[in-house]
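*Asks:* Next up, run-v4.txt (compact mmCIF, C-alpha atoms).
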# COMPACT_ATOMS: atom_id res chain seq x y z
CA MET A 5 0.00 0.00 0.00
CA SER A 6 1.22 3.39 -0.88
CA PHE A 7 1.30 6.46 1.34
CA SER A 8 0.39 8.65 -1.57
CA LEU A 9 -3.26 7.58 -1.41
CA ILE A 10 -3.77 9.44 1.87
CA SER A 11 -5.07 12.92 1.21
CA ARG A 12 -3.10 15.74 2.81
CA THR A 13 -5.58 18.49 1.77
CA LYS A 14 -7.68 18.16 4.91
CA PRO A 15 -5.87 18.87 8.17
CA LYS A 16 -6.16 16.29 10.81
CA HIS A 17 -8.24 17.14 13.86
CA ARG A 18 -5.91 17.54 16.69
CA ALA A 19 -6.74 17.81 20.37
CA ALA A 20 -4.60 20.94 20.71
CA ASP A 21 -6.72 22.77 18.11
CA ALA A 22 -9.94 21.79 19.89
CA VAL A 23 -8.54 23.06 23.20
CA ALA A 24 -7.54 26.36 21.58
CA ASN A 25 -11.04 26.75 20.08
CA LEU A 26 -12.64 26.01 23.45
CA ARG A 27 -10.39 28.56 25.16
CA ASP A 28 -11.35 31.21 22.58
CA GLU A 29 -15.02 30.43 23.09
CA ASN A 30 -14.51 30.56 26.88
CA ARG A 31 -12.90 34.06 26.60
CA ARG A 32 -15.76 35.24 24.39
CA LEU A 33 -18.36 33.93 26.83
CA LEU A 34 -16.55 35.55 29.78
CA ALA A 35 -16.57 38.89 27.94
CA GLN A 36 -20.33 38.50 27.37
CA LEU A 37 -20.79 37.67 31.05
CA VAL A 38 -18.92 40.81 32.13
CA GLY A 39 -21.05 42.88 29.72
CA ALA A 40 -24.20 41.26 31.09
CA HIS A 41 -23.15 42.08 34.66
CA GLY A 42 -22.70 45.73 33.67
CA HIS A 43 -26.12 45.79 31.97
CA ILE A 44 -27.76 44.16 35.00
CA ALA A 45 -26.14 46.74 37.32
CA VAL A 46 -27.55 49.60 35.17
CA GLN A 47 -31.00 47.98 35.19
CA GLU A 48 -30.90 47.53 38.98
CA ARG A 49 -30.01 51.21 39.47
CA GLN A 50 -32.89 52.25 37.19
CA LEU A 51 -35.25 49.95 39.09
CA ALA A 52 -34.20 51.51 42.40
CA ASP A 53 -34.81 55.01 40.96
CA VAL A 54 -38.24 54.00 39.67
CA ARG A 55 -39.19 52.49 43.02
CA ALA A 56 -38.11 55.67 44.84
CA LYS A 57 -40.17 57.81 42.45
CA GLN A 58 -43.14 55.46 42.86
CA THR A 59 -42.94 55.79 46.66
CA GLU A 60 -42.80 59.57 46.35
CA ALA A 61 -45.77 59.58 43.95
CA GLU A 62 -47.80 57.41 46.33
CA GLN A 63 -47.12 59.87 49.15
CA VAL A 64 -48.24 62.76 46.93
CA VAL A 65 -51.44 60.88 46.03
CA VAL A 66 -52.22 60.24 49.70
CA CYS A 67 -51.71 63.94 50.53
CA LEU A 68 -53.84 65.06 47.58
CA ASP A 69 -56.60 62.62 48.54
CA ALA A 70 -56.69 63.99 52.08
CA ASP A 71 -56.77 67.55 50.71
CA LEU A 72 -59.59 66.63 48.34
CA ASP A 73 -61.61 65.17 51.20
CA GLU A 74 -61.15 68.38 53.23
CA ARG A 75 -62.17 70.55 50.28
CA THR A 76 -65.24 68.39 49.64
CA VAL A 77 -66.37 68.83 53.25
CA GLU A 78 -65.82 72.60 52.98
CA LEU A 79 -67.79 72.72 49.72
CA ASP A 80 -70.72 70.82 51.24
CA GLN A 81 -70.77 73.21 54.20
CA ALA A 82 -70.64 76.27 51.93
CA GLN A 83 -73.47 74.95 49.76
CA ALA A 84 -75.62 74.29 52.83
CA GLU A 85 -74.94 77.84 54.05
CA ILE A 86 -75.83 79.26 50.61
CA ARG A 87 -79.15 77.38 50.62
CA GLN A 88 -79.93 78.68 54.12
CA LEU A 89 -79.07 82.29 53.22
CA HIS A 90 -81.06 82.08 49.98
CA ALA A 91 -84.11 80.86 51.91
CA GLN A 92 -83.73 83.80 54.31
CA LEU A 93 -83.24 86.30 51.49
CA ALA A 94 -86.08 85.09 49.23
CA PRO A 95 -88.91 87.10 50.96
CA TYR A 96 -86.85 90.30 50.77
CA LEU A 97 -86.14 89.74 47.07
CA ALA A 98 -89.83 89.15 46.38
CA ALA A 99 -90.85 92.29 48.32
CA ASP A 100 -88.24 94.34 46.45
CA ALA A 101 -89.45 93.00 43.09
CA ASN A 102 -93.05 93.84 43.94
CA ALA A 103 -92.13 97.33 45.17
CA ASN A 104 -90.10 98.13 42.06
CA ALA A 105 -92.33 96.40 39.52
CA ILE A 106 -92.77 98.19 36.21
CA THR A 107 -96.40 98.27 35.12
CA VAL A 108 -97.34 99.20 31.59
CA PRO A 109 -100.91 99.48 30.34
CA PRO A 110 -101.79 97.10 27.52
CA ALA A 111 -100.74 98.49 24.17
CA GLU A 112 -103.32 99.42 21.55
CA ARG A 113 -102.47 99.85 17.94
CA ASP A 114 -103.01 103.33 16.52
CA THR A 115 -105.03 102.87 13.36
CA THR A 116 -105.75 106.53 12.55
CA ALA A 117 -103.52 106.49 9.45
CA VAL A 118 -105.24 105.24 6.27
CA GLU A 119 -102.45 102.80 5.38
CA ASP A 120 -102.60 101.35 8.88
CA GLN A 121 -106.30 100.48 8.95
CA ALA A 122 -107.27 97.13 10.41
CA THR A 123 -108.42 94.57 7.85
CA ALA A 124 -111.40 92.26 8.03
CA PRO A 125 -110.95 88.50 7.96
CA ILE A 126 -110.82 86.92 4.51
CA ASN A 127 -114.06 85.21 3.57
CA THR A 128 -113.23 81.65 2.57
CA ARG A 129 -116.77 80.22 2.39
CA GLU A 130 -116.73 80.28 -1.40
CA LEU A 131 -113.50 78.26 -1.48
CA HIS A 132 -114.97 75.75 0.95
CA ALA A 133 -118.06 75.40 -1.19
CA ARG A 134 -116.04 74.83 -4.40
CA PHE A 135 -113.80 72.16 -2.97
CA ALA A 136 -116.24 70.45 -0.60
CA ALA A 137 -116.35 67.38 -2.83
CA GLY A 138 -112.59 66.82 -2.57
CA PRO A 139 -109.38 68.10 -4.07
CA VAL A 140 -109.21 69.23 -7.65
CA VAL A 141 -107.50 66.54 -9.68
CA SER A 142 -107.50 68.23 -13.05
CA LEU A 143 -108.30 71.80 -14.06
CA HIS A 144 -110.22 70.46 -17.11
CA HIS A 145 -112.95 69.20 -14.75
CA SER A 146 -113.05 72.21 -12.45
CA PRO A 147 -115.90 74.80 -12.55
CA GLN A 148 -113.49 77.42 -13.97
CA ALA A 149 -112.93 75.26 -17.07
CA ALA A 150 -116.62 75.34 -18.10
CA GLY A 151 -116.00 77.96 -20.80
CA PRO A 152 -113.39 78.02 -23.53
CA ALA A 153 -109.88 77.45 -22.26
CA HIS A 154 -108.49 80.61 -23.80
CA ILE A 155 -111.11 82.93 -22.22
CA PRO A 156 -110.68 83.53 -18.48
CA ALA A 157 -113.70 83.07 -16.24
CA PRO A 158 -115.36 86.30 -15.05
CA ALA A 159 -114.47 87.45 -11.56
CA ALA A 160 -117.24 87.01 -9.04
Once more with this new file: its structure as structure tokens, please.
*Replies:*
Amino acid sequence: MSFSLISRTKPKHRAADAVANLRDENRRLLAQLVGAHGHIAVQERQLADVRAKQTEAEQVVVCLDADLDERTVELDQAQAEIRQLHAQLAPYLAADANANAITVPPAERDTTAVEDQATAPINTRELHARFAAGPVVSLHHSPQAAGPAHIPAPAA
């Protein structure tokens, strides 16, 4: 058998190369771990800041709620006092309105001018009589169409 049949194009896997690759991977993973520790430290500081702000906000809400309750009680008391004072003042307001009332006699229209004369109601009995049977459907069958179409009916 000849040694020339063995291919030298592919390197042989050696244990030393595998160890070197594992050491490189171990260094890379350690660098990632250090970076992760730094990121976790930043996140923990931010969490502590957020918790401190949340505690402060809760204290503000408690103070504002107590203030709102006090103001609500004051508002209810003021509204009750306003209702009481309005009830006491109502008779005086009514007496003042009656004492200072403005009275005006009923107005009458001046119809002395010719153009301002009152008119009589319009007599619609003739219209009622014409259309008592129902609405006019066609002008050809209406009483005005009895004569020739081109001659208007005489005015009554």
*Asks:* Would you mind reading off the distance between atom CA of Asp80 of chain A and atom CA of Val65 of chain A, one decimal, in Å?
*Replies:*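 Here the two named atoms are 22.3 Å from each other.
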*Asks:* Please measure the separation of atom CA of Glu60 of chain A and atom CA of His41 of chain A, giving the value in Å to one decimal.
*Replies:*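 Between these atoms lies a distance of 28.8 Å.
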*Asks:* Just how far from atom CA of Leu93 of chain A is atom CA of Gln81 of chain A, in Å to one decimal?
*Replies:*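 Computing it gives 18.3 Å between the two atoms.
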*Asks:* Emit as lines of an AutoDock Vina configuration file the padded axis-aligned box for all listed atoms of segment 66-78 of chain A, 8 Å per side, with centre and edge lengths in Å to one decimal.
*Replies:*
center_x = -59.0
center_y = 66.4
center_z = 50.4
size_x = 30.7
size_y = 28.4
size_z = 21.7
